[in-house]
Every structure is written in C-alpha cells, then in structure tokens.
Amino acid sequence: MKQEADYRAQLEQLSLEDKATLLTGANFWNTAKVSDVNEILLSDGPSGIRKQTEGGDALGLTGSVETIAFPCLALIASTFDKDLLRKYGEYLGQIAKAEKVNVLLGPGMNIKRSPLAGRNFEYLSEDPFLTAELAIQYINGVESQGIGTSPKHFAANNRENERFTSSSNIQPRALHEIYLSAFKRVVEEAQPATIMNSYNKVNHVLVVENEYLLTDLLRSQWNYDGLVVSDWGAVKDRVKSLRAGLDLEMPGQPDYSIPQVVEAVRSGKLDEALVDRSVLRLLKLIDKYTLEGEAPNYNKDNYHEFARTIAAQSIVLLQNEDNILPLKDESSKAVIGAFAKHPRYQAGGSSKVNAYKVVTPFDALKEVYGDFAYADGYEFENLDANQQLIDEAVEAAKGKDEVILFAGFPENVESEGFDKTSIVLPDNQVALIDAIAKVNPNIVVVLQNGSVVATPWRHQVKGLVETYLAGEAVGEATADVLSGKVNPSGKLAETFPERIQDTPSYLTFNRSTEEENYMEGIFVGYRYYATKDLPVAFPFGHGLSYTDFEYTDSKVNVDNDKDQIQIDVTVKNVGSVQGAEVVQVYLQNRASNIEMAARELKAFERVELEAGESKTVSLVIPFERLKWYNPQTDLWQIDNGDYTVHIGSSVNDIHTHHDFEITSIDEPPIQLSLDSSLKDIIDLQDTLSKEIDEFGFDEMIHKMTSEPNLRVLAEPAPIRMLVMFGLKLSDLVKFVEKCNVRLKTGE
Ligand code: BGC
C-alpha cells in the first residue's frame with residue numbers, strides 16, 4: 001500500500017506538461033497515460049455497463065459492448081431494499097471488472113424535483129434520505145469489487161432543458177437539506193472513487209467553477225478525498241475550474257486545455273500547488289482502481305436472472321380492485337398494447353446499454369399462459385388515436401376474463417437531454433383504455449415509463465402495475481408479478497400526483513431558459529403534499545401486495561444517552577401467501593421555530609414474512625438525522641422539544657404514531673435583545689424575577705397575562721415597543737443587559 005510520501009515522490013517526477021496532461025482526459029473515456037502512470041477507463045452507468053468499443057458519445061448513439069441491461073434506478077429504488085442495492089452494486093462491479101472498466105459512472109442521485117424532469121428514470125427518488133441510503137449501498141457494492149463509482153450529478157441539476165447553462169437558484173436550506181444532503185452522506189459514509197459534477201450553475205455560478213461546492217463543502221467540510229470529474233463537456237474555462245476544485249476534465253481537450261493550464265501556471269495566474277493537488281488525487285485513484293490480472297468471465301445468463309429478480313422485486317402494484325391480480329391460470333386473456341411486444345426497458349441517452357437478451361412481456365406471458373388474444377392498440381410514432389387499431393383491440397378484449405393492457409411513455413417523449421411537457425399518457429393510449437373499459441371492466445394496466453404518469457383513467461380499470469423501465473428481463477419480471485410467482489413488494493420512491501398542476505415546482509419549472517427558481521424550498525415531493533394535506537393519485541411509499549400486513553405493539557424509546565430513537569413494531573402477514581412489507585418511519589418536527597415538513601422519511605426496513613408469520617422490526621433514528629440546516633448560522637442543528645414519529649406503509653397510510661420529546665441537546669444560553677418578544681420575558685419570569693421587579697415590569701406582566709385579549713396582542717410585541725406604555729428606551733436597554741447577565745451566568 002503506497003503512502004502519501006510515495007505519491008508525492010511520483011508527483012515530483014512529473015513535469016508541468018505531464019501534470020496538465022494527466023488532468024485532461026486522453027479521449028472520450030480514458031485518462032492519459034504519462035510515463036509510469038497508467039491510464040484508466042471510465043464508462044456509463046448507471047444501470048449496466050456502456051463500454052464503447054470505438055468512437056465515443058455521451059448519448060448512447062454508437063455501439064457498445066453487449067451486456068446486461070438492468071432496470072433503471074427509478075424502478076430499483078422502489079425496492080426500498082438496502083441489501084438488494086448492495087448486491088446489485090456487486091453485480092455491476094463484477095461486470096465492470098470483466099469488461100476492464102475502472103470507474104462506473106453512477107449512481108444517479110439527482111433529486112426528482114419535478115415529474116417532468118427528463119432524466120428522472122436514472123435517479124432514485126424525490127427524497128434525499130432514501131436516495132442516500134440506497135446510493136450508499138450501490139456504491140459500496142460496486143467498490144467492493146475494486147471498481148470505482150461516480151455518483152452524479154453534483155449538484156442541483158434537476159432539469160434537462162438548457163442543462164448546460166441554466167442556473168438553479170436555491171435558498172441555502174433547501175440546497176443543503178434537499179439537494180446536497182444525499183451527496184454529503186455518500187461522501188461521508190461511502191467515500192466513492194469520484195464524484196461527477198453537473199453541467200448547470202448553482203446560484204449563478206457554474207458547478208465546475210463553483211469553489212464553494214467543489215472545495216469548501218466537498219473537501220473542507222465533508223472531507224472528500226476522491227476525485228472530482230467533470231460531466232462530459234461541462235468544462236468551459238479549464239483554469240477557473242481547476243482553481244475551483246474540478247480535478248479531471250472529461251472528455252479531455254488536450255490541444256486546448258493542456259497549454260492553457262501550463263501557460264496559467266507559468267504566468268502566475270494559477271498556483272501550481274492547485275495542479276499538484278488534483279494530480280495527487282488522480283494518482284491515488286489510478287493506483288487504487290487499476291485492475292490486475294486477466295479479466296474474469298461472467299455468465300450473462302446468471303446476470304440476466306439477477307436483472308429479472310431485481311425487477312420483479314421492485315415492480316409496484318398500485319391498484320388491485322377485486323383482487324384481479326394475480327391472474328388466474330384458467331381465465332381467458334387478452335394482451336393489448338404494442339409495449340407488450342416492443343417493451344421500453346431502458347431509456348435513451350448515456351445510460352443506454354447494448355442489451356444481452358431482451359425478453360418481451362408478450363413472450364414471457366406466452367410461456368406462462370400459452371395462447372391469448374393480442375392486439376397492438378396504438379403506434380409509437382403517431383400518438384393520435386388510431387381507430388382501426390383501437391377497434392381491433394376492443395374485439396380482442398371483448399368477453400375475455402382478463403385484459404392485460406400495456407401502456408406508457410414512448411421513448412421519443414422521454415429521454416436524457418430534454419424535459420417532458422406533460423405527465424399524461426399519449427392520446428392514442430388514453431383512447432384505447434377508454435374504449436376497452438367500455439366493453440370489459442376486468443382490465444389490468446401495466447405501465448412502462450421512466451417517471452410519473454397521471455392516471456385519471458385508473459377508475460376505469462381494476463389493476464394497475466408500475467414497471468418503469470424494467471431492464472432486459474422486463475418480460476419475465478412482469479409475468480412473475482402478474483402471475484403471482486413473485487408477490488409484489490415495491491413501494492413508490494416518488495409521489496404520483498393527480499395532475500402536473502398540483503406539483504410543488506409547477507409554477508417555476510422550466511419557466512425560464514436561464515433561471516430555474518426553486519421557490520418551493522424544502523417542500524419537494526411528498527413533503528409538500530403531506531404538509532398541505534393535498535390528495536394525490538398514489539402517495540410516496542405506496543405499493544400493494546397479494547397479502548395483507550398488520551402492525552401491532554409499536555414502541556418508541558428516546559435514548560438521550562445514546563442520542564438515538566429506537567422504534568420497535570411488530571408486523572404480521574395476515575394473508576395466505578408469503579410477502580414483503582416496507583415499514584416506513586416519518587418524522588414530524590414540532591420543536592423547531594421554523595417551517596418544517598409534516599413528514600420526513602427517517603428510517604425504513606423491508607421485512608419478508610411467510611403467511612401467518614410475524615416479526616418485530618427494530619429501527620433506529622440517530623439524533624443526527626433530526627438535524628435541519630440553519631441558514632443564519634450555516635450549521636446543521638437539532639432542537640430540544642416535541643416530535644412525532646408516524647409509522648406506516650406509505651406517507652399517507654400511517655398505522656400508528658408516537659409523540660416524544662428530546663431534552664438532551666446542549667443549547668447555548670438564551671439571550672434577549674430589544675427585539676425579543678414580551679412572551680419571551682413572560683416565559684422567563686421566574687428566572688428573571690429580580691430584574692422584572694427592579695424595573696417595575698411585574699405589574700405590566702400581571703396585567704397582560706390576566707387579560708386574554710391584551711395578552712394576544714401584547715405577547716408577540718418586541719420589548720422595545722414598551723415605549724408605547726411610557727417606558728424609556730434607555731431603561732429597556734439596561735433591562736435587557738441585566739437579564740442577559742443573569743441568563744448567561746445564573747447570577
Ligand atoms: C451525462 C453523464 C454521462 C456522460 C458520459 C453526460 O452527458 O450527463 O451522466 O455519464 O455524459 O456519457
């Protein structure tokens with residue numbers, strides 16, 4: 001194992017040109033090979049390995065090696081299963097090793113601020129806690145195989161339109177609590193090999209040139225010691241970006257960037273120490289992630305099976321009226337919808353891999369059920385209703401016991417590089433659902449889409465299954481869930497609102513080409529709906545099962561010594577089949593004197609239960625997770641006071657709640673000012689009785705507290721307003737000074 005001194009010695013051997021060369025990618029995917037420093041290969045992610053064999057592009061346009069297309073992260077997040085994410089990471093790491101890829105460009109961690117954001121399929125959740133918990137496992141899994149990761153895109157890149165130039169304008173609290181906190185946690189708890197910056201600006205400064213984000217936060221506060229890599233093509237001014245803390249430029253622009261860096265150092269515009277700082281980070285990365293020996297083989301069929309398992313376990317059963325699912329073996333069936341034969345199993349853009357073996361739902365259902373009626377129902381190119389196709393589908397569906405109708409967003413309306421303009425299904429599909437519902441009520445809609453879909457038609461159908469983009473085993477995984485071979489246990493990692501107009505960022509999202517104003521602040525996703533108590537189509541955390549669960553014996557114990565809250569709850573499978581439930585714990589902070597969301601996910605645990613079985617699930621919330629970001633002090637803080645935990649199966653399906661109090665946080669002594677309210681004095685009247693007497697305020701306090709009408713008016717008024725009652729400002733100043741001495745010293 002090399003020591004710091006060894007890397008420094010290696011650095012000493014390099015000329016300024018060598019160093020500038022190393023910090024500039026040699027081509028689209030490789031770092032430069034300079035004297036004895038190896039090159040390394042970076043490849044997309046995040047849902048498979050997109051290793052390009054010739055040429056390079058960031059949009060998945062030209063070919064790449066054949067490999068397993070795993071489900072998109074939007075689907076995988078729905079497992080809420082940390083162990084599975086870890087295993088998924090290990091599988092990805094093994095494939096990367098077999099393909100001699102040193103750094104896998106993932107996971108995608110952007111927060112889903114709007115359902116319209118074009119790349120939501122690649123990201124985990126609208127919730128930073130869930131994002132962090134799952135991303136940490138993904139990263140640890142990949143890195144356990146000796147492969148580096150690149151959590152992306154740091155930071156606050158929440159739309160695709162003008163993603164290279166627009167400014168995400170965010171107040172500090174939302175920035176830290178919602179958009180940065182998951183990155184902070186992965187850095188502190190998983191130390192990924194690299195972090196990929198995003199293209200956009202944050203508060204008007206390009207992220208690649210943002211010293212606050214790349215150095216003050218990432219390095220000084222979070223102690224990150226890996227490498228910051230640019231998103232592909234993000235660098236505008238190489239010297240500025242290097243100074244801010246962007247280490248590696250990808251893809252490199254050797255003829256442009258190398259001379260610029262060399263010249264800047266020679267002319268004194270750039271401190272060579274900053275170049276050295278980045279080179280040292282790169283040397284360490286290369287040393288740690290260089291692969292030794294022969295690349296192992298991997299059996300693609302086994303990995304395909306894993307893609308099937310992970311997809312089936314993630315699929316979300318949104319609705320199941322009259323227990324229409326699982327499908328009955330003996331029933332007559334119609335399968336409708338072109339997606340059944342031409343599934344959308346991955347999205348367009350840089351995450352698109354060259355799939356090994358795509359199994360369609362049509363073929364997989366054939367395998368299970370033999371013959372059934374089939375009709376396309378719609379086209380992908382022309383989104384207007386096609387009456388002939390609809391008529392054929394209606395004919396196929398008529399009189400059948402079960403209609404399985406595939407619907408979703410065609411690729412041309414949903415991809416990297418642009419945002420969606422609507423969450424409504426294309427007209428031809430809505431018309432199809434409507435027409436079929438008129439002849440047959442027994443419909444199960446199976447959705448294939450990268451992100452949230454509006455479901456106003458859901459009352460016309462009985463079953464609704466969300467499969468997102470399920471990867472190359474889409475067919476088998478879908479059939480596993482529909483047939484009941486796998487009992488669904490996925491839970492939505494994002495809210496499905498009724499309408500796009502209901503979403504918290506609706507008024508501002510994509511309204512300007514340059515400025516994206518995050519006016520909703522911390523109220524993103526379910527934080528908004530839960531706080532406003534607004535109806536949604538399907539809430540965050542929602543997902544049904546073919547069995548039922550009962551929650552009993554919940555207990556909450558606040559351990560002020562260990563600074564944690566322990567929650568125990570017994571979950572019983574009261575149905576007749578094996579199943580899995582995700583116990584979710586949401587916190588309501590009633591202690592802090594600042595706006596808070598009515599629910600914040602703080603713990604969750606997936607539990608598998610045989611029919612009739614019960615287990616006690618224990619969850620721990622360290623006090624640390626109760627912190628909020630105080631923009632006045634620029635510090636995270638916890639408050640003593642009252643809290644409630646809500647335990648449930650979704651943010652809206654709460655089975656039980658417990659109030660508790662935290663008392664053990666050391667707080668600085670209270671200090672008054674002329675702006676402190678009269679209520680503050682009233683609350684402290686026992687402690688400050690001497691000063692109150694001395695200045696003759698006792699009578700006034702008595703009067704105010706004994707007359708309710710007066711009390712309501714007076715309590716919020718600042719101390720300085722007592723001049724209205726004839727008191728002198730000079731006396732009030734002295735009073736405050738004396739009170740503060742007592743409050744500080746107790747004397
Ligand atoms: C994307 C990244 C990707 C890179 C390389 C960029 O356009 O934003 O996520 O890793 O291209 O393909």
# chains A, B, ... in the order shown; residues from 1 in each chain; ligands from 1
>>> select_by_dssp(residues="stretch 330-555 of chain A", states="alpha helix (DSSP H)", output="PyMOL selection string")
chain A and resi 361-369+387-397+427-439+474-483+526-532
>>> write_last_selection(atoms="C-alpha atoms", output="PDB file, in the first residue's frame")
ATOM      1  CA  PRO A 361     -43.790  -9.421 -21.835  1.00  0.00           C
ATOM      2  CA  PHE A 362     -45.608 -10.966 -24.775  1.00  0.00           C
ATOM      3  CA  ASP A 363     -43.179 -13.889 -24.953  1.00  0.00           C
ATOM      4  CA  ALA A 364     -42.936 -14.297 -21.195  1.00  0.00           C
ATOM      5  CA  LEU A 365     -46.734 -14.352 -20.814  1.00  0.00           C
ATOM      6  CA  LYS A 366     -46.950 -16.882 -23.660  1.00  0.00           C
ATOM      7  CA  GLU A 367     -44.531 -19.054 -21.768  1.00  0.00           C
ATOM      8  CA  VAL A 368     -46.780 -18.983 -18.690  1.00  0.00           C
ATOM      9  CA  TYR A 369     -50.264 -18.947 -20.196  1.00  0.00           C
ATOM     10  CA  GLN A 387     -59.425   3.942 -34.660  1.00  0.00           C
ATOM     11  CA  GLN A 388     -58.608   0.820 -36.612  1.00  0.00           C
ATOM     12  CA  LEU A 389     -56.066  -0.345 -34.034  1.00  0.00           C
ATOM     13  CA  ILE A 390     -58.476   0.505 -31.225  1.00  0.00           C
ATOM     14  CA  ASP A 391     -61.286  -1.471 -32.878  1.00  0.00           C
ATOM     15  CA  GLU A 392     -59.044  -4.495 -33.256  1.00  0.00           C
ATOM     16  CA  ALA A 393     -58.072  -4.253 -29.595  1.00  0.00           C
ATOM     17  CA  VAL A 394     -61.694  -3.909 -28.496  1.00  0.00           C
ATOM     18  CA  GLU A 395     -62.537  -7.031 -30.475  1.00  0.00           C
ATOM     19  CA  ALA A 396     -59.667  -8.925 -28.847  1.00  0.00           C
ATOM     20  CA  ALA A 397     -60.702  -7.781 -25.349  1.00  0.00           C
ATOM     21  CA  ASP A 427     -53.881  10.360 -26.657  1.00  0.00           C
ATOM     22  CA  ASN A 428     -53.875   7.055 -28.516  1.00  0.00           C
ATOM     23  CA  GLN A 429     -53.352   5.116 -25.282  1.00  0.00           C
ATOM     24  CA  VAL A 430     -55.910   7.058 -23.254  1.00  0.00           C
ATOM     25  CA  ALA A 431     -58.459   6.493 -26.025  1.00  0.00           C
ATOM     26  CA  LEU A 432     -57.596   2.804 -26.051  1.00  0.00           C
ATOM     27  CA  ILE A 433     -58.109   2.396 -22.284  1.00  0.00           C
ATOM     28  CA  ASP A 434     -61.387   4.221 -22.564  1.00  0.00           C
ATOM     29  CA  ALA A 435     -62.629   2.091 -25.452  1.00  0.00           C
ATOM     30  CA  ILE A 436     -61.681  -1.186 -23.820  1.00  0.00           C
ATOM     31  CA  ALA A 437     -63.167  -0.195 -20.463  1.00  0.00           C
ATOM     32  CA  LYS A 438     -66.489   0.216 -22.259  1.00  0.00           C
ATOM     33  CA  VAL A 439     -66.537  -3.451 -23.255  1.00  0.00           C
ATOM     34  CA  VAL A 474     -38.810  -6.920 -18.405  1.00  0.00           C
ATOM     35  CA  GLY A 475     -40.959  -9.710 -19.790  1.00  0.00           C
ATOM     36  CA  GLU A 476     -40.115 -12.347 -17.228  1.00  0.00           C
ATOM     37  CA  ALA A 477     -40.274  -9.912 -14.310  1.00  0.00           C
ATOM     38  CA  THR A 478     -43.661  -8.586 -15.439  1.00  0.00           C
ATOM     39  CA  ALA A 479     -45.011 -12.106 -15.883  1.00  0.00           C
ATOM     40  CA  ASP A 480     -43.608 -13.120 -12.480  1.00  0.00           C
ATOM     41  CA  VAL A 481     -45.612 -10.384 -10.792  1.00  0.00           C
ATOM     42  CA  LEU A 482     -48.781 -10.712 -12.866  1.00  0.00           C
ATOM     43  CA  SER A 483     -48.890 -14.456 -12.349  1.00  0.00           C
ATOM     44  CA  TYR A 526     -44.360  14.291  -0.512  1.00  0.00           C
ATOM     45  CA  ARG A 527     -43.064  16.950   1.887  1.00  0.00           C
ATOM     46  CA  TYR A 528     -45.355  19.334   0.034  1.00  0.00           C
ATOM     47  CA  TYR A 529     -48.450  17.146  -0.320  1.00  0.00           C
ATOM     48  CA  ALA A 530     -48.256  15.862   3.259  1.00  0.00           C
ATOM     49  CA  THR A 531     -47.817  19.333   4.720  1.00  0.00           C
ATOM     50  CA  LYS A 532     -50.693  20.770   2.704  1.00  0.00           C
TER      51      LYS A 532
END
>>> residues_near_ligand(ligand="ligand 1", cutoff="6 Å", atoms="only C-alpha atoms and all ligand atoms", output="VMD selection string")
chain A and resid 44 58 105 231 to 232 350
>>> residues_around(residues="A:Ile404", least_positions_apart="4", cutoff="12 Å", atoms="only C-alpha atoms", output="PyMOL selection string")
chain A and resi 324-327+331-340+361-362+365+372-377+393+396-397+400+433+436-437+440-447+461-465+478-479+482-483
>>> residues_around(residues="A:Ala77", least_positions_apart="6", cutoff="9 Å", atoms="only C-alpha atoms", output="mmCIF file with N, CA, C and O atoms, in the first residue's frame")
data_model
loop_
_atom_site.group_PDB
_atom_site.id
_atom_site.type_symbol
_atom_site.label_atom_id
_atom_site.label_comp_id
_atom_site.auth_asym_id
_atom_site.auth_seq_id
_atom_site.Cartn_x
_atom_site.Cartn_y
_atom_site.Cartn_z
ATOM 1 N N LEU A 85 -29.735 -3.535 -3.070
ATOM 2 C CA LEU A 85 -28.932 -2.500 -3.742
ATOM 3 C C LEU A 85 -27.446 -2.824 -3.643
ATOM 4 O O LEU A 85 -26.667 -2.622 -4.576
ATOM 5 N N TYR A 123 -32.644 8.389 -11.829
ATOM 6 C CA TYR A 123 -32.417 8.815 -10.447
ATOM 7 C C TYR A 123 -33.296 8.028 -9.489
ATOM 8 O O TYR A 123 -34.281 7.417 -9.878
ATOM 9 N N LEU A 124 -32.912 8.112 -8.211
ATOM 10 C CA LEU A 124 -33.538 7.219 -7.245
ATOM 11 C C LEU A 124 -34.876 7.726 -6.701
ATOM 12 O O LEU A 124 -35.838 6.974 -6.661
ATOM 13 N N SER A 125 -34.896 8.978 -6.279
ATOM 14 C CA SER A 125 -36.093 9.363 -5.520
ATOM 15 C C SER A 125 -36.277 10.873 -5.451
ATOM 16 O O SER A 125 -35.381 11.639 -5.771
ATOM 17 N N LEU A 130 -33.911 8.538 1.339
ATOM 18 C CA LEU A 130 -33.978 7.282 0.590
ATOM 19 C C LEU A 130 -32.860 7.233 -0.449
ATOM 20 O O LEU A 130 -32.185 6.208 -0.628
ATOM 21 N N THR A 131 -32.645 8.363 -1.131
ATOM 22 C CA THR A 131 -31.577 8.427 -2.132
ATOM 23 C C THR A 131 -30.245 8.048 -1.498
ATOM 24 O O THR A 131 -29.499 7.218 -2.035
ATOM 25 N N LEU A 134 -29.891 4.244 -0.367
ATOM 26 C CA LEU A 134 -29.741 3.287 -1.463
ATOM 27 C C LEU A 134 -28.438 3.520 -2.230
ATOM 28 O O LEU A 134 -27.758 2.570 -2.621
ATOM 29 N N SER A 314 -38.956 -5.123 -7.546
ATOM 30 C CA SER A 314 -39.136 -3.667 -7.482
ATOM 31 C C SER A 314 -40.490 -3.200 -8.015
ATOM 32 O O SER A 314 -40.943 -2.106 -7.677
ATOM 33 N N GLY A 490 -42.767 -3.738 -4.189
ATOM 34 C CA GLY A 490 -42.194 -2.418 -4.472
ATOM 35 C C GLY A 490 -43.066 -1.309 -3.893
ATOM 36 O O GLY A 490 -44.282 -1.456 -3.751
ATOM 37 N N LYS A 491 -42.411 -0.216 -3.552
ATOM 38 C CA LYS A 491 -43.095 0.954 -2.980
ATOM 39 C C LYS A 491 -42.624 2.174 -3.756
ATOM 40 O O LYS A 491 -41.411 2.299 -4.022
ATOM 41 N N LEU A 492 -43.512 3.074 -4.056
ATOM 42 C CA LEU A 492 -43.125 4.235 -4.858
ATOM 43 C C LEU A 492 -42.072 5.083 -4.153
ATOM 44 O O LEU A 492 -42.259 5.482 -2.999
ATOM 45 N N ALA A 493 -41.008 5.382 -4.881
ATOM 46 C CA ALA A 493 -39.971 6.268 -4.332
ATOM 47 C C ALA A 493 -40.223 7.711 -4.755
ATOM 48 O O ALA A 493 -39.374 8.579 -4.569
#
>>> closest_residue(among="A:Val235, A:Ile719, A:Val536, A:Leu405", to="A:Pro456", atoms="only C-alpha atoms")
A:Val536
>>> residues_around(residues="A:Val353", least_positions_apart="2", cutoff="8 Å", atoms="only C-alpha atoms", output="NGL selection string")
:A and (48-50 or 60 or 64-69 or 351 or 355)
>>> write_last_selection(atoms="N, CA and C atoms", output="tab-separated table (two decimals), in the first residue's frame")
chain	number	residue	atom	x	y	z
A	48	GLY	N	-26.06	-0.55	-15.96
A	48	GLY	CA	-25.40	-1.53	-16.81
A	48	GLY	C	-24.12	-0.86	-17.28
A	49	ILE	N	-23.32	-1.59	-18.04
A	49	ILE	CA	-22.03	-1.02	-18.44
A	49	ILE	C	-22.11	-0.62	-19.91
A	50	ARG	N	-21.96	0.68	-20.16
A	50	ARG	CA	-21.95	1.12	-21.57
A	50	ARG	C	-20.50	1.38	-21.97
A	60	GLY	N	-25.38	7.52	-26.05
A	60	GLY	CA	-25.73	6.14	-26.36
A	60	GLY	C	-26.04	5.95	-27.83
A	64	SER	N	-21.87	-0.20	-28.21
A	64	SER	CA	-21.08	-0.52	-27.02
A	64	SER	C	-21.16	-2.02	-26.82
A	65	VAL	N	-20.34	-2.54	-25.91
A	65	VAL	CA	-20.27	-3.99	-25.73
A	65	VAL	C	-21.63	-4.54	-25.29
A	66	GLU	N	-21.86	-5.78	-25.67
A	66	GLU	CA	-23.12	-6.40	-25.28
A	66	GLU	C	-23.06	-6.79	-23.80
A	67	THR	N	-24.06	-6.38	-23.07
A	67	THR	CA	-24.05	-6.67	-21.64
A	67	THR	C	-25.47	-6.65	-21.09
A	68	ILE	N	-25.58	-6.77	-19.79
A	68	ILE	CA	-26.91	-6.86	-19.19
A	68	ILE	C	-27.51	-5.46	-19.00
A	69	ALA	N	-28.73	-5.28	-19.50
A	69	ALA	CA	-29.44	-4.02	-19.23
A	69	ALA	C	-30.29	-4.26	-17.98
A	351	SER	N	-27.19	6.40	-20.53
A	351	SER	CA	-27.32	5.17	-19.73
A	351	SER	C	-27.70	3.96	-20.58
A	355	ALA	N	-28.16	-4.33	-24.85
A	355	ALA	CA	-28.70	-5.42	-24.02
A	355	ALA	C	-28.32	-6.80	-24.55
>>> residues_around(residues="A:Ser618", least_positions_apart="2", cutoff="8 Å", atoms="only C-alpha atoms", output="list of chain:residue names")
A:Gln566, A:Ile567, A:Asp568, A:Val569, A:Thr616, A:Val620
>>> atom_distance(atom1="atom CA of A:Ile315", atom2="atom CA of A:Met196")
28.9 Å
>>> residues_around(residues="stretch 275-279 of chain A", least_positions_apart="2", cutoff="8 Å", atoms="only C-alpha atoms", output="VMD selection string")
chain A and resid 11 19 to 20 22 to 23 227 242 245 to 248 271 to 273 281 to 283
>>> write_last_selection(atoms="N, CA, C and O atoms", output="PDB file, in the first residue's frame")
ATOM      1  N   LEU A  11       4.748  12.386  -7.969  1.00  0.00           N
ATOM      2  CA  LEU A  11       4.397  13.710  -8.489  1.00  0.00           C
ATOM      3  C   LEU A  11       5.649  14.505  -8.871  1.00  0.00           C
ATOM      4  O   LEU A  11       5.692  15.171  -9.912  1.00  0.00           O
ATOM      5  N   LYS A  19       1.679  16.905 -15.863  1.00  0.00           N
ATOM      6  CA  LYS A  19       0.587  17.047 -14.897  1.00  0.00           C
ATOM      7  C   LYS A  19      -0.671  17.578 -15.586  1.00  0.00           C
ATOM      8  O   LYS A  19      -1.774  17.074 -15.369  1.00  0.00           O
ATOM      9  N   ALA A  20      -0.468  18.584 -16.421  1.00  0.00           N
ATOM     10  CA  ALA A  20      -1.630  19.142 -17.143  1.00  0.00           C
ATOM     11  C   ALA A  20      -2.242  18.067 -18.048  1.00  0.00           C
ATOM     12  O   ALA A  20      -3.472  17.995 -18.212  1.00  0.00           O
ATOM     13  N   LEU A  22      -2.247  14.806 -17.504  1.00  0.00           N
ATOM     14  CA  LEU A  22      -2.986  13.829 -16.694  1.00  0.00           C
ATOM     15  C   LEU A  22      -4.380  14.316 -16.321  1.00  0.00           C
ATOM     16  O   LEU A  22      -5.323  13.536 -16.216  1.00  0.00           O
ATOM     17  N   LEU A  23      -4.498  15.624 -16.129  1.00  0.00           N
ATOM     18  CA  LEU A  23      -5.792  16.160 -15.688  1.00  0.00           C
ATOM     19  C   LEU A  23      -6.759  16.402 -16.845  1.00  0.00           C
ATOM     20  O   LEU A  23      -7.855  16.928 -16.654  1.00  0.00           O
ATOM     21  N   LEU A 227     -11.775  11.952  -6.302  1.00  0.00           N
ATOM     22  CA  LEU A 227     -11.504  12.821  -7.452  1.00  0.00           C
ATOM     23  C   LEU A 227     -12.808  13.404  -7.996  1.00  0.00           C
ATOM     24  O   LEU A 227     -13.796  12.687  -8.131  1.00  0.00           O
ATOM     25  N   LEU A 242     -10.152  24.318 -12.529  1.00  0.00           N
ATOM     26  CA  LEU A 242      -9.085  23.699 -11.725  1.00  0.00           C
ATOM     27  C   LEU A 242      -8.933  24.434 -10.396  1.00  0.00           C
ATOM     28  O   LEU A 242      -8.801  23.829  -9.330  1.00  0.00           O
ATOM     29  N   GLY A 245     -11.596  23.489  -8.005  1.00  0.00           N
ATOM     30  CA  GLY A 245     -11.527  22.149  -7.412  1.00  0.00           C
ATOM     31  C   GLY A 245     -11.974  21.031  -8.326  1.00  0.00           C
ATOM     32  O   GLY A 245     -12.164  19.903  -7.887  1.00  0.00           O
ATOM     33  N   LEU A 246     -12.163  21.328  -9.609  1.00  0.00           N
ATOM     34  CA  LEU A 246     -12.537  20.283 -10.572  1.00  0.00           C
ATOM     35  C   LEU A 246     -11.234  19.611 -11.029  1.00  0.00           C
ATOM     36  O   LEU A 246     -10.392  20.239 -11.673  1.00  0.00           O
ATOM     37  N   ASP A 247     -11.063  18.335 -10.703  1.00  0.00           N
ATOM     38  CA  ASP A 247      -9.767  17.697 -10.951  1.00  0.00           C
ATOM     39  C   ASP A 247      -9.578  17.247 -12.403  1.00  0.00           C
ATOM     40  O   ASP A 247      -8.623  17.614 -13.052  1.00  0.00           O
ATOM     41  N   LEU A 248     -10.504  16.420 -12.872  1.00  0.00           N
ATOM     42  CA  LEU A 248     -10.298  15.782 -14.176  1.00  0.00           C
ATOM     43  C   LEU A 248     -11.319  16.272 -15.193  1.00  0.00           C
ATOM     44  O   LEU A 248     -12.528  16.215 -14.949  1.00  0.00           O
ATOM     45  N   ASP A 271      -1.848  28.833  -9.339  1.00  0.00           N
ATOM     46  CA  ASP A 271      -0.853  28.308  -8.420  1.00  0.00           C
ATOM     47  C   ASP A 271      -0.589  26.833  -8.761  1.00  0.00           C
ATOM     48  O   ASP A 271      -1.534  26.028  -8.812  1.00  0.00           O
ATOM     49  N   GLU A 272       0.677  26.472  -8.963  1.00  0.00           N
ATOM     50  CA  GLU A 272       0.979  25.084  -9.337  1.00  0.00           C
ATOM     51  C   GLU A 272       0.535  24.112  -8.242  1.00  0.00           C
ATOM     52  O   GLU A 272       0.247  22.939  -8.512  1.00  0.00           O
ATOM     53  N   ALA A 273       0.467  24.612  -7.024  1.00  0.00           N
ATOM     54  CA  ALA A 273       0.026  23.741  -5.920  1.00  0.00           C
ATOM     55  C   ALA A 273      -1.384  23.211  -6.179  1.00  0.00           C
ATOM     56  O   ALA A 273      -1.735  22.103  -5.766  1.00  0.00           O
ATOM     57  N   ARG A 281      -4.620  13.549  -6.328  1.00  0.00           N
ATOM     58  CA  ARG A 281      -5.892  12.806  -6.216  1.00  0.00           C
ATOM     59  C   ARG A 281      -6.014  11.780  -7.343  1.00  0.00           C
ATOM     60  O   ARG A 281      -6.463  10.659  -7.132  1.00  0.00           O
ATOM     61  N   LEU A 282      -5.584  12.186  -8.532  1.00  0.00           N
ATOM     62  CA  LEU A 282      -5.679  11.270  -9.674  1.00  0.00           C
ATOM     63  C   LEU A 282      -4.709  10.098  -9.511  1.00  0.00           C
ATOM     64  O   LEU A 282      -5.052   8.941  -9.804  1.00  0.00           O
ATOM     65  N   LEU A 283      -3.505  10.382  -9.042  1.00  0.00           N
ATOM     66  CA  LEU A 283      -2.520   9.302  -8.859  1.00  0.00           C
ATOM     67  C   LEU A 283      -3.054   8.258  -7.875  1.00  0.00           C
ATOM     68  O   LEU A 283      -2.925   7.048  -8.094  1.00  0.00           O
TER      69      LEU A 283
END
>>> atom_distance(atom1="atom CA of A:Phe735", atom2="atom CA of A:Glu699")
15.5 Å
>>> atom_distance(atom1="atom CA of A:Asp693", atom2="atom CA of A:Lys738")
12.1 Å
